[in-house]
Amino acid sequence: MSVITKNQVVTFHYTLKDKEGQQIDSSVGGDPMLYLHGHGNIVPGLESEMESKKVGDKLKVHVSPDKGYGQYDSEKRFCIERSHLPSDVEIQPGMVLELHAEDGDRMMAAIVAVDQKLIEVDANHPMAGVDLHFEVEILDIRPASPEEIEHGHVHGPGGHHH
Ligand code: ZN
């Protein structure tokens, strides 16, 4: 029986909860998730636990922020002047902006608060600093195509279409 190794396409169902047991997300009852193992498609702490598992395996995986979406970085929460944004951009808390730094870097930042002059934004991943508790069931494993390996992601149903 095949097991999960690098360059296998894995189909799985998952439920994600935080450390209080509140459900954050789940694929159960909907389409399962697919990923290409060994290419960083999923958070490192989950990917490493998937290694060598087989179809039918159910696992519970606790992923700390260091192996998940990173620690919350308070320096990534900052204010920008409203005048730096084009005037036709609608600005409301909860919206996500794409910011361009002077060095050419781009980042996505959610608007936290707005006043007349300043916009407070948070460029942390929405799940930065969160302890992730996954319940996973492995549904299918297949070898990736050479094209999938070259692209580093899954093609076809549940994957990329291009
Ligand atoms: Zn592709």
# chains A, B, ... in the order shown; residues from 1 in each chain; ligands from 1
call {"tool": "residues_near_ligand", "arguments": {"ligand": "ligand 1", "cutoff": "12 Å", "atoms": "only C-alpha atoms and all ligand atoms", "output": "PyMOL selection string"}}
result
chain A and resi 36+144-156+159-162
call {"tool": "write_last_selection", "arguments": {"atoms": "all heavy atoms", "output": "short mmCIF file (atom, residue, chain, number, x, y, z; two decimals), in the first residue's frame"}}
result
data_model
loop_
_atom_site.label_atom_id
_atom_site.label_comp_id
_atom_site.auth_asym_id
_atom_site.auth_seq_id
_atom_site.Cartn_x
_atom_site.Cartn_y
_atom_site.Cartn_z
N LEU A 36 0.07 18.81 -2.94
CA LEU A 36 1.24 18.08 -3.42
C LEU A 36 2.24 17.98 -2.28
O LEU A 36 2.76 19.01 -1.81
CB LEU A 36 1.84 18.81 -4.62
CG LEU A 36 3.11 18.23 -5.24
CD1 LEU A 36 2.87 16.79 -5.73
CD2 LEU A 36 3.58 19.09 -6.40
N ALA A 144 2.10 12.30 -8.39
CA ALA A 144 1.90 13.53 -9.16
C ALA A 144 2.41 13.34 -10.58
O ALA A 144 3.29 12.52 -10.84
CB ALA A 144 2.64 14.69 -8.49
N SER A 145 1.85 14.11 -11.51
CA SER A 145 2.36 14.12 -12.88
C SER A 145 3.65 14.94 -12.91
O SER A 145 3.88 15.78 -12.02
CB SER A 145 1.33 14.74 -13.82
OG SER A 145 1.22 16.14 -13.56
N PRO A 146 4.48 14.72 -13.94
CA PRO A 146 5.71 15.54 -14.05
C PRO A 146 5.41 17.04 -14.07
O PRO A 146 6.15 17.85 -13.51
CB PRO A 146 6.32 15.09 -15.39
CG PRO A 146 5.80 13.71 -15.60
CD PRO A 146 4.40 13.70 -14.99
N GLU A 147 4.27 17.41 -14.72
CA GLU A 147 3.91 18.82 -14.79
C GLU A 147 3.55 19.37 -13.41
O GLU A 147 3.92 20.50 -13.05
CB GLU A 147 2.72 18.99 -15.75
CG GLU A 147 2.49 20.43 -16.14
CD GLU A 147 1.24 20.59 -17.00
OE1 GLU A 147 0.19 20.01 -16.67
OE2 GLU A 147 1.32 21.31 -18.01
N GLU A 148 2.84 18.58 -12.62
CA GLU A 148 2.48 19.02 -11.27
C GLU A 148 3.75 19.22 -10.43
O GLU A 148 3.86 20.18 -9.67
CB GLU A 148 1.55 18.00 -10.60
CG GLU A 148 0.14 18.01 -11.17
CD GLU A 148 -0.73 16.90 -10.61
OE1 GLU A 148 -0.24 15.76 -10.44
OE2 GLU A 148 -1.91 17.16 -10.34
N ILE A 149 4.68 18.29 -10.56
CA ILE A 149 5.93 18.41 -9.79
C ILE A 149 6.69 19.67 -10.21
O ILE A 149 7.20 20.41 -9.37
CB ILE A 149 6.79 17.14 -9.98
CG1 ILE A 149 6.07 15.93 -9.36
CG2 ILE A 149 8.18 17.32 -9.36
CD1 ILE A 149 6.66 14.59 -9.74
N GLU A 150 6.70 19.93 -11.52
CA GLU A 150 7.40 21.11 -12.02
C GLU A 150 6.75 22.40 -11.50
O GLU A 150 7.44 23.34 -11.11
CB GLU A 150 7.39 21.09 -13.55
CG GLU A 150 8.27 22.15 -14.18
CD GLU A 150 8.07 22.22 -15.69
OE1 GLU A 150 7.83 21.17 -16.31
OE2 GLU A 150 8.14 23.34 -16.22
N HIS A 151 5.42 22.41 -11.47
CA HIS A 151 4.69 23.60 -10.99
C HIS A 151 4.66 23.70 -9.47
O HIS A 151 4.43 24.77 -8.92
CB HIS A 151 3.25 23.59 -11.51
CG HIS A 151 3.12 23.90 -12.97
ND1 HIS A 151 1.95 24.31 -13.54
CD2 HIS A 151 4.02 23.83 -13.98
CE1 HIS A 151 2.13 24.50 -14.85
NE2 HIS A 151 3.38 24.20 -15.13
N GLY A 152 4.79 22.56 -8.80
CA GLY A 152 4.74 22.57 -7.34
C GLY A 152 3.34 22.65 -6.77
O GLY A 152 3.16 23.02 -5.62
N HIS A 153 2.34 22.27 -7.58
CA HIS A 153 0.97 22.22 -7.06
C HIS A 153 0.14 21.21 -7.84
O HIS A 153 0.58 20.71 -8.88
CB HIS A 153 0.33 23.61 -7.07
CG HIS A 153 0.31 24.28 -8.41
ND1 HIS A 153 0.70 25.58 -8.60
CD2 HIS A 153 -0.03 23.82 -9.64
CE1 HIS A 153 0.59 25.90 -9.88
NE2 HIS A 153 0.15 24.85 -10.54
N VAL A 154 -1.06 20.94 -7.32
CA VAL A 154 -1.94 19.93 -7.92
C VAL A 154 -2.73 20.53 -9.07
O VAL A 154 -3.18 21.67 -9.00
CB VAL A 154 -2.91 19.39 -6.85
CG1 VAL A 154 -3.89 18.39 -7.45
CG2 VAL A 154 -2.14 18.76 -5.69
N HIS A 155 -2.90 19.76 -10.15
CA HIS A 155 -3.77 20.16 -11.25
C HIS A 155 -5.06 19.35 -11.23
O HIS A 155 -5.14 18.31 -10.59
CB HIS A 155 -3.06 19.92 -12.60
CG HIS A 155 -1.92 20.87 -12.83
ND1 HIS A 155 -0.98 20.66 -13.79
CD2 HIS A 155 -1.58 22.01 -12.20
CE1 HIS A 155 -0.09 21.66 -13.76
NE2 HIS A 155 -0.44 22.49 -12.80
N GLY A 156 -6.05 19.81 -11.98
CA GLY A 156 -7.31 19.07 -12.13
C GLY A 156 -8.26 19.36 -10.99
O GLY A 156 -8.11 20.35 -10.28
N GLY A 159 -7.63 21.17 -7.68
CA GLY A 159 -6.31 21.81 -7.80
C GLY A 159 -6.38 23.03 -8.71
O GLY A 159 -7.43 23.63 -8.88
N HIS A 160 -5.25 23.38 -9.29
CA HIS A 160 -5.18 24.55 -10.16
C HIS A 160 -5.71 24.23 -11.56
O HIS A 160 -5.52 23.12 -12.05
CB HIS A 160 -3.73 25.04 -10.29
CG HIS A 160 -3.22 25.69 -9.05
ND1 HIS A 160 -2.93 27.03 -8.98
CD2 HIS A 160 -2.98 25.19 -7.83
CE1 HIS A 160 -2.52 27.33 -7.78
NE2 HIS A 160 -2.53 26.23 -7.06
N HIS A 161 -6.36 25.18 -12.16
CA HIS A 161 -6.80 25.04 -13.55
C HIS A 161 -6.12 26.13 -14.35
O HIS A 161 -6.36 27.31 -14.12
CB HIS A 161 -8.33 25.19 -13.64
CG HIS A 161 -9.06 24.14 -12.86
ND1 HIS A 161 -9.38 22.91 -13.38
CD2 HIS A 161 -9.48 24.12 -11.59
CE1 HIS A 161 -10.00 22.19 -12.46
NE2 HIS A 161 -10.06 22.90 -11.35
N HIS A 162 -5.25 25.76 -15.23
CA HIS A 162 -4.62 26.77 -16.09
C HIS A 162 -3.91 26.12 -17.25
O HIS A 162 -3.93 24.91 -17.37
CB HIS A 162 -3.66 27.66 -15.27
CG HIS A 162 -2.56 26.91 -14.63
ND1 HIS A 162 -1.26 27.05 -14.96
CD2 HIS A 162 -2.59 25.99 -13.64
CE1 HIS A 162 -0.52 26.23 -14.20
NE2 HIS A 162 -1.30 25.59 -13.41
#
call {"tool": "residues_around", "arguments": {"residues": "A:Ser2", "least_positions_apart": "5", "cutoff": "9 Å", "atoms": "only C-alpha atoms", "output": "number ranges by chain"}}
result
A: 52-55, 141-142
call {"tool": "write_last_selection", "arguments": {"atoms": "N, CA and C atoms", "output": "compact mmCIF listing (two decimals), in the first residue's frame"}}
result
# COMPACT_ATOMS: atom_id res chain seq x y z
N SER A 52 4.47 9.52 5.35
CA SER A 52 4.38 8.07 5.59
C SER A 52 2.99 7.59 5.99
N LYS A 53 1.99 8.49 6.02
CA LYS A 53 0.63 8.04 6.33
C LYS A 53 0.02 7.39 5.08
N LYS A 54 -1.09 6.63 5.29
CA LYS A 54 -1.71 5.94 4.18
C LYS A 54 -3.21 6.19 4.15
N VAL A 55 -3.85 5.75 3.04
CA VAL A 55 -5.29 5.98 2.88
C VAL A 55 -6.05 5.35 4.04
N ILE A 141 -4.29 8.82 -2.23
CA ILE A 141 -2.89 9.17 -2.52
C ILE A 141 -2.61 8.72 -3.95
N ARG A 142 -2.02 9.60 -4.75
CA ARG A 142 -1.61 9.20 -6.10
C ARG A 142 -0.31 9.90 -6.46
call {"tool": "select_by_dssp", "arguments": {"residues": "stretch 65-131 of chain A", "states": "strand (DSSP E)", "output": "PyMOL selection string"}}
result
chain A and resi 77-81+96-100+106-114+118-122
call {"tool": "write_last_selection", "arguments": {"atoms": "N, CA, C and O atoms", "output": "compact mmCIF listing (two decimals), in the first residue's frame"}}
result
# COMPACT_ATOMS: atom_id res chain seq x y z
N ARG A 77 1.62 45.54 12.48
CA ARG A 77 0.40 46.31 12.66
C ARG A 77 0.82 47.77 12.78
O ARG A 77 1.55 48.13 13.70
N PHE A 78 0.42 48.57 11.83
CA PHE A 78 0.94 49.94 11.80
C PHE A 78 -0.08 50.85 11.10
O PHE A 78 -1.09 50.38 10.55
N CYS A 79 0.23 52.14 11.12
CA CYS A 79 -0.67 53.12 10.49
C CYS A 79 -0.05 53.67 9.21
O CYS A 79 1.16 53.87 9.13
N ILE A 80 -0.88 53.89 8.25
CA ILE A 80 -0.46 54.59 7.04
C ILE A 80 -1.36 55.81 6.88
O ILE A 80 -2.48 55.84 7.39
N GLU A 81 -0.82 56.79 6.16
CA GLU A 81 -1.64 57.98 5.94
C GLU A 81 -2.61 57.73 4.81
O GLU A 81 -2.26 57.18 3.78
N VAL A 96 -9.13 44.19 2.77
CA VAL A 96 -7.72 43.85 2.63
C VAL A 96 -7.12 44.70 1.52
O VAL A 96 -7.66 44.78 0.42
N LEU A 97 -6.00 45.34 1.82
CA LEU A 97 -5.30 46.18 0.85
C LEU A 97 -4.02 45.49 0.41
O LEU A 97 -3.40 44.77 1.18
N GLU A 98 -3.62 45.73 -0.82
CA GLU A 98 -2.29 45.32 -1.24
C GLU A 98 -1.38 46.53 -1.16
O GLU A 98 -1.61 47.53 -1.84
N LEU A 99 -0.37 46.46 -0.29
CA LEU A 99 0.53 47.60 -0.09
C LEU A 99 1.84 47.36 -0.83
O LEU A 99 2.33 46.23 -0.89
N HIS A 100 2.38 48.42 -1.38
CA HIS A 100 3.66 48.34 -2.09
C HIS A 100 4.69 49.15 -1.32
O HIS A 100 4.53 50.35 -1.16
N ARG A 106 5.63 43.60 -1.86
CA ARG A 106 4.19 43.76 -1.76
C ARG A 106 3.70 42.97 -0.55
O ARG A 106 4.25 41.94 -0.23
N MET A 107 2.69 43.48 0.11
CA MET A 107 2.10 42.71 1.20
C MET A 107 0.60 42.97 1.27
O MET A 107 0.11 44.02 0.86
N MET A 108 -0.10 41.97 1.75
CA MET A 108 -1.52 42.11 1.97
C MET A 108 -1.73 42.53 3.42
O MET A 108 -1.10 41.99 4.32
N ALA A 109 -2.58 43.52 3.62
CA ALA A 109 -2.82 44.00 4.97
C ALA A 109 -4.31 44.28 5.14
O ALA A 109 -4.94 44.90 4.28
N ALA A 110 -4.85 43.79 6.25
CA ALA A 110 -6.26 44.03 6.54
C ALA A 110 -6.41 45.36 7.27
O ALA A 110 -5.62 45.68 8.16
N ILE A 111 -7.43 46.11 6.91
CA ILE A 111 -7.70 47.37 7.59
C ILE A 111 -8.35 47.08 8.94
O ILE A 111 -9.32 46.34 9.03
N VAL A 112 -7.74 47.63 10.00
CA VAL A 112 -8.24 47.41 11.35
C VAL A 112 -9.14 48.57 11.78
O VAL A 112 -10.21 48.37 12.36
N ALA A 113 -8.67 49.78 11.52
CA ALA A 113 -9.43 50.95 11.96
C ALA A 113 -9.11 52.12 11.02
O ALA A 113 -8.05 52.15 10.39
N VAL A 114 -10.02 53.04 10.94
CA VAL A 114 -9.88 54.17 10.03
C VAL A 114 -10.29 55.45 10.76
O VAL A 114 -11.29 55.45 11.47
N LEU A 118 -5.66 58.74 9.21
CA LEU A 118 -4.85 57.53 9.30
C LEU A 118 -5.68 56.26 9.10
O LEU A 118 -6.86 56.22 9.45
N ILE A 119 -4.98 55.26 8.58
CA ILE A 119 -5.59 53.94 8.44
C ILE A 119 -4.68 52.97 9.18
O ILE A 119 -3.47 52.90 8.91
N GLU A 120 -5.25 52.25 10.15
CA GLU A 120 -4.46 51.24 10.86
C GLU A 120 -4.65 49.92 10.15
O GLU A 120 -5.79 49.48 9.91
N VAL A 121 -3.51 49.28 9.80
CA VAL A 121 -3.58 48.02 9.06
C VAL A 121 -2.80 46.94 9.80
O VAL A 121 -1.92 47.23 10.63
N ASP A 122 -3.14 45.69 9.51
CA ASP A 122 -2.47 44.53 10.11
C ASP A 122 -2.09 43.59 8.99
O ASP A 122 -2.96 43.03 8.31
call {"tool": "residues_around", "arguments": {"residues": "stretch 124-130 of chain A", "least_positions_apart": "4", "cutoff": "9 Å", "atoms": "only C-alpha atoms", "output": "JSON list (two decimals) with N, CA and C atoms, in the first residue's frame"}}
result
[["chain", "number", "residue", "atom", "x", "y", "z"],
["A", 18, "ASP", "N", -9.23, 25.90, 17.01],
["A", 18, "ASP", "CA", -8.22, 26.59, 17.81],
["A", 18, "ASP", "C", -8.08, 25.88, 19.16],
["A", 19, "LYS", "N", -7.23, 26.43, 20.03],
["A", 19, "LYS", "CA", -6.94, 25.68, 21.25],
["A", 19, "LYS", "C", -8.10, 25.67, 22.23],
["A", 63, "VAL", "N", -0.45, 21.95, 15.70],
["A", 63, "VAL", "CA", 0.60, 22.73, 15.05],
["A", 63, "VAL", "C", 0.75, 24.06, 15.79],
["A", 64, "SER", "N", 1.93, 24.28, 16.34],
["A", 64, "SER", "CA", 2.20, 25.55, 17.02],
["A", 64, "SER", "C", 2.40, 26.65, 15.97],
["A", 65, "PRO", "N", 2.26, 27.91, 16.36],
["A", 65, "PRO", "CA", 2.41, 28.99, 15.37],
["A", 65, "PRO", "C", 3.73, 28.95, 14.60],
["A", 66, "ASP", "N", 4.81, 28.52, 15.26],
["A", 66, "ASP", "CA", 6.11, 28.46, 14.57],
["A", 66, "ASP", "C", 6.08, 27.53, 13.37],
["A", 68, "GLY", "N", 3.15, 26.79, 11.92],
["A", 68, "GLY", "CA", 1.89, 27.10, 11.25],
["A", 68, "GLY", "C", 2.02, 28.38, 10.45],
["A", 69, "TYR", "N", 1.27, 29.41, 10.86],
["A", 69, "TYR", "CA", 1.28, 30.66, 10.12],
["A", 69, "TYR", "C", 2.17, 31.72, 10.75],
["A", 70, "GLY", "N", 3.07, 31.28, 11.64],
["A", 70, "GLY", "CA", 4.03, 32.22, 12.22],
["A", 70, "GLY", "C", 3.49, 32.88, 13.48],
["A", 71, "GLN", "N", 4.41, 33.47, 14.25],
["A", 71, "GLN", "CA", 4.02, 34.21, 15.44],
["A", 71, "GLN", "C", 3.40, 35.55, 15.02],
["A", 72, "TYR", "N", 2.54, 36.05, 15.88],
["A", 72, "TYR", "CA", 1.99, 37.37, 15.62],
["A", 72, "TYR", "C", 3.08, 38.42, 15.81],
["A", 73, "ASP", "N", 3.28, 39.26, 14.80],
["A", 73, "ASP", "CA", 4.33, 40.28, 14.84],
["A", 73, "ASP", "C", 3.68, 41.65, 14.98],
["A", 74, "SER", "N", 3.83, 42.26, 16.17],
["A", 74, "SER", "CA", 3.14, 43.53, 16.40],
["A", 74, "SER", "C", 3.67, 44.65, 15.49],
["A", 76, "LYS", "N", 3.99, 44.37, 12.43],
["A", 76, "LYS", "CA", 3.24, 44.31, 11.17],
["A", 76, "LYS", "C", 1.87, 44.97, 11.30],
["A", 77, "ARG", "N", 1.62, 45.54, 12.48],
["A", 77, "ARG", "CA", 0.40, 46.31, 12.66],
["A", 77, "ARG", "C", 0.82, 47.77, 12.78],
["A", 108, "MET", "N", -0.10, 41.97, 1.75],
["A", 108, "MET", "CA", -1.52, 42.11, 1.97],
["A", 108, "MET", "C", -1.73, 42.53, 3.42],
["A", 109, "ALA", "N", -2.58, 43.52, 3.62],
["A", 109, "ALA", "CA", -2.82, 44.00, 4.97],
["A", 109, "ALA", "C", -4.31, 44.28, 5.14],
["A", 110, "ALA", "N", -4.85, 43.79, 6.25],
["A", 110, "ALA", "CA", -6.26, 44.03, 6.54],
["A", 110, "ALA", "C", -6.41, 45.36, 7.27]]
call {"tool": "closest_residue", "arguments": {"among": "A:Thr5, A:Asp115, A:His37, A:Glu75", "to": "A:Pro93", "atoms": "only C-alpha atoms"}}
result
A:Asp115
call {"tool": "atom_distance", "arguments": {"atom1": "atom CA of A:Glu49", "atom2": "atom CA of A:Val61"}}
result
7.2 Å
call {"tool": "decode", "arguments": {"residues": "stretch 104-117 of chain A", "atoms": "all heavy atoms", "output": "short mmCIF file (atom, residue, chain, number, x, y, z; two decimals), in the first residue's frame"}}
result
data_model
loop_
_atom_site.label_atom_id
_atom_site.label_comp_id
_atom_site.auth_asym_id
_atom_site.auth_seq_id
_atom_site.Cartn_x
_atom_site.Cartn_y
_atom_site.Cartn_z
N GLY A 104 9.86 47.70 -3.32
CA GLY A 104 9.18 46.87 -4.30
C GLY A 104 8.43 45.69 -3.70
O GLY A 104 7.70 45.02 -4.41
N ASP A 105 8.63 45.45 -2.40
CA ASP A 105 7.90 44.36 -1.76
C ASP A 105 6.40 44.66 -1.75
O ASP A 105 5.99 45.81 -1.63
CB ASP A 105 8.36 44.20 -0.30
CG ASP A 105 9.45 43.17 -0.18
OD1 ASP A 105 9.92 42.69 -1.24
OD2 ASP A 105 9.84 42.84 0.95
N ARG A 106 5.63 43.60 -1.86
CA ARG A 106 4.19 43.76 -1.76
C ARG A 106 3.70 42.97 -0.55
O ARG A 106 4.25 41.94 -0.23
CB ARG A 106 3.48 43.21 -3.01
CG ARG A 106 3.73 44.05 -4.23
CD ARG A 106 2.90 43.56 -5.38
NE ARG A 106 3.17 42.14 -5.65
CZ ARG A 106 2.47 41.40 -6.50
NH1 ARG A 106 1.44 41.92 -7.14
NH2 ARG A 106 2.78 40.14 -6.71
N MET A 107 2.69 43.48 0.11
CA MET A 107 2.10 42.71 1.20
C MET A 107 0.60 42.97 1.27
O MET A 107 0.11 44.02 0.86
CB MET A 107 2.76 43.04 2.54
CG MET A 107 2.52 44.44 3.04
SD MET A 107 3.02 44.59 4.77
CE MET A 107 4.46 45.61 4.61
N MET A 108 -0.10 41.97 1.75
CA MET A 108 -1.52 42.11 1.97
C MET A 108 -1.73 42.53 3.42
O MET A 108 -1.10 41.99 4.32
CB MET A 108 -2.24 40.79 1.71
CG MET A 108 -1.97 40.18 0.35
SD MET A 108 -2.37 41.29 -1.03
CE MET A 108 -4.16 41.22 -0.96
N ALA A 109 -2.58 43.52 3.62
CA ALA A 109 -2.82 44.00 4.97
C ALA A 109 -4.31 44.28 5.14
O ALA A 109 -4.94 44.90 4.28
CB ALA A 109 -2.02 45.27 5.23
N ALA A 110 -4.85 43.79 6.25
CA ALA A 110 -6.26 44.03 6.54
C ALA A 110 -6.41 45.36 7.27
O ALA A 110 -5.62 45.68 8.16
CB ALA A 110 -6.81 42.89 7.40
N ILE A 111 -7.43 46.11 6.91
CA ILE A 111 -7.70 47.37 7.59
C ILE A 111 -8.35 47.08 8.94
O ILE A 111 -9.32 46.34 9.03
CB ILE A 111 -8.62 48.27 6.74
CG1 ILE A 111 -7.94 48.61 5.42
CG2 ILE A 111 -9.00 49.53 7.51
CD1 ILE A 111 -8.81 49.38 4.46
N VAL A 112 -7.74 47.63 10.00
CA VAL A 112 -8.24 47.41 11.35
C VAL A 112 -9.14 48.57 11.78
O VAL A 112 -10.21 48.37 12.36
CB VAL A 112 -7.07 47.28 12.35
CG1 VAL A 112 -7.59 47.07 13.76
CG2 VAL A 112 -6.15 46.13 11.93
N ALA A 113 -8.67 49.78 11.52
CA ALA A 113 -9.43 50.95 11.96
C ALA A 113 -9.11 52.12 11.02
O ALA A 113 -8.05 52.15 10.39
CB ALA A 113 -9.07 51.31 13.40
N VAL A 114 -10.02 53.04 10.94
CA VAL A 114 -9.88 54.17 10.03
C VAL A 114 -10.29 55.45 10.76
O VAL A 114 -11.29 55.45 11.47
CB VAL A 114 -10.83 53.99 8.81
CG1 VAL A 114 -10.69 55.16 7.85
CG2 VAL A 114 -10.55 52.68 8.10
N ASP A 115 -9.48 56.49 10.63
CA ASP A 115 -10.01 57.81 11.01
C ASP A 115 -9.76 58.77 9.85
O ASP A 115 -9.43 58.35 8.75
CB ASP A 115 -9.48 58.28 12.37
CG ASP A 115 -8.01 58.68 12.32
OD1 ASP A 115 -7.46 58.83 11.20
OD2 ASP A 115 -7.41 58.84 13.39
N GLN A 116 -9.91 60.05 10.09
CA GLN A 116 -9.87 60.98 8.95
C GLN A 116 -8.53 61.00 8.25
O GLN A 116 -8.47 61.14 7.04
CB GLN A 116 -10.20 62.37 9.45
CG GLN A 116 -11.59 62.44 10.08
CD GLN A 116 -12.35 63.65 9.60
OE1 GLN A 116 -11.82 64.75 9.62
NE2 GLN A 116 -13.57 63.45 9.17
N LYS A 117 -7.46 60.84 9.02
CA LYS A 117 -6.13 60.96 8.41
C LYS A 117 -5.41 59.63 8.27
O LYS A 117 -4.59 59.45 7.38
CB LYS A 117 -5.26 61.90 9.27
CG LYS A 117 -5.49 63.36 9.01
CD LYS A 117 -4.36 64.16 9.61
CE LYS A 117 -4.21 65.49 8.92
NZ LYS A 117 -3.27 66.36 9.64
#
